[in-house]
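Scroll down for the structure; my scribbles are underneath it.
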Amino acid sequence: MPREELLGLPKTVHGGQAWKLDGVEDYSHNLNPFGPPENLREIVDAALEGVGHYPDDSCTELRDTISKAFDVEPECITIGAGSSDIIRNVPNTFFRKGDRVVIPCPSFAEYTQQCRIVGAEVDPFVLRPEEDFRIDADRLLERARGARAVYICNPNNPTGRVEPKDKLIRIVRGCEDMGVLVFLDETLLELVPGFVDNTLSNMVSRFSNLIVASSLTKSFAIPGIRIGFGMANQDIIESMEKVRMTWNVGQIEQAVAIALLRDCRDHVDHAAGVMAEESEIMNSALREIGFPCGDVSDSFFYFNSIESLGMDAAEFKSRMIARGISVRDCSSFGPEYRSYVRYSVKDRERNCRFVAAADSVLNG
């Protein structure tokens, strides 16, 4: 029999599955809409030369490259097979059975999943619609008292809200005073303009309780190549390295990550700038056809209720798929979100196709 923590625990549900459907454009994921850099195949081909030996388990060159890119010491970096590897390693390093962990709701489902696997008790911190699904720092810090850890996703998945740096620093400091760990997921932040001004990655050595996770999955649109990393003070990283699977990141992944971070970061900056401009245009066009889209998103994806349209998210998703567009049905985040959909911003041409499909569903 498996451990009792696993009994009745379902697998998590994720978006980004429209690639299985012929002729359907996927707006359910939140990847760089321009795809990977054009020279990715050349980078991968060059990386093949190293597959005849075991990969560098310490990822020395990759950590040095991340160090320069994110202004953090190499000793403050751990490498994972995607940020999901970091998300898994944190509870396996720090949480015990019965520990209380505060996780915003709705947010990325893997946080809850990996905490429950080790027996931690998840305390949902409900993000309220009347607060525009933003974190109330006072309310969160009060909830954090006596907890083992607090999770924050910035921008939050699925709501798309970006929390300001000063609020996050206040939360981290407040939690540090209470001896509470803060896991901050910045996987999506590089695709939001002003990353350097918003990130806490270059501040991890200043705190005893902060872990920042990131990856190349979203920013370089390479979910099939698993590269992620966690950043924290050296003591935290040394502990996490003890549970990291040996050779968890292959030679090809390391070589690809080094090349992308060293030579192709302008590809990410370009996408962030374009999506910020296109988001306003797309949102305005959707509002004109009567779609309940709300204000322009902080990020490059939207989380909107379609209850006013007289249908739930599952029906809207089905109707959009029939028109060649896939959105995320957010009911998987909880039954209270069965009327919410998430969709991403792309380039002008594809955004116009999205608007046309939505117009057909609403007014056709």
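Chains: A, B, ... in order of the structure tokens. Residues: from 1 per chain. Ligands: from 1, in order shown.
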*asked:* Write out as a ChimeraX atom specification the set of residues from range 146-309 of chain A that DSSP, computed on the backbone, places in helix (DSSP H, G or I).
replied: /A:165-177,189-191,195-198,201-206,234-241,251-263,265-288,307-309
Proximity of range 162-224 of chain A to range 269-277 of chain A: per-residue shortest pair, 8 Å limit, only C-alpha atoms, as CSV:
residue,atom,partner,partner_atom,distance
A:Glu190,CA,A:Ala272,CA,7.4
A:Leu191,CA,A:Ala272,CA,4.5
A:Val192,CA,A:Ala272,CA,5.3
A:Pro193,CA,A:Ala272,CA,5.5
Print the selection's residues with N, CA and C atoms to a file, as a short mmCIF file (atom, residue, chain, number, x, y, z; two decimals), in the first residue's frame.
data_model
loop_
_atom_site.label_atom_id
_atom_site.label_comp_id
_atom_site.auth_asym_id
_atom_site.auth_seq_id
_atom_site.Cartn_x
_atom_site.Cartn_y
_atom_site.Cartn_z
N GLU A 190 9.47 37.11 -16.22
CA GLU A 190 10.34 37.65 -17.26
C GLU A 190 9.57 38.10 -18.50
N LEU A 191 8.35 37.60 -18.67
CA LEU A 191 7.54 38.00 -19.81
C LEU A 191 6.66 39.20 -19.50
N VAL A 192 6.94 39.86 -18.37
CA VAL A 192 6.27 41.11 -18.01
C VAL A 192 7.30 42.23 -18.06
N PRO A 193 7.04 43.33 -18.78
CA PRO A 193 8.03 44.42 -18.84
C PRO A 193 8.41 44.91 -17.44
#
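Distance check against Arg128 in chain A using only C-alpha atoms: of A:Glu336, A:Ile43, A:Met240, A:Leu216, the minimum falls on A:Glu336.
Among A:Ala221, A:Leu7, A:Val72, A:Ala257, the residue with the shortest atom-to-atom distance to Val204 in chain A, counting only C-alpha atoms, is A:Val72.
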*Give me every strand (DSSP E) residue in range 281-326 of chain A, going by DSSP on the backbone, as an MDAnalysis selection string.*
chainID A and resid 301:305 325:326
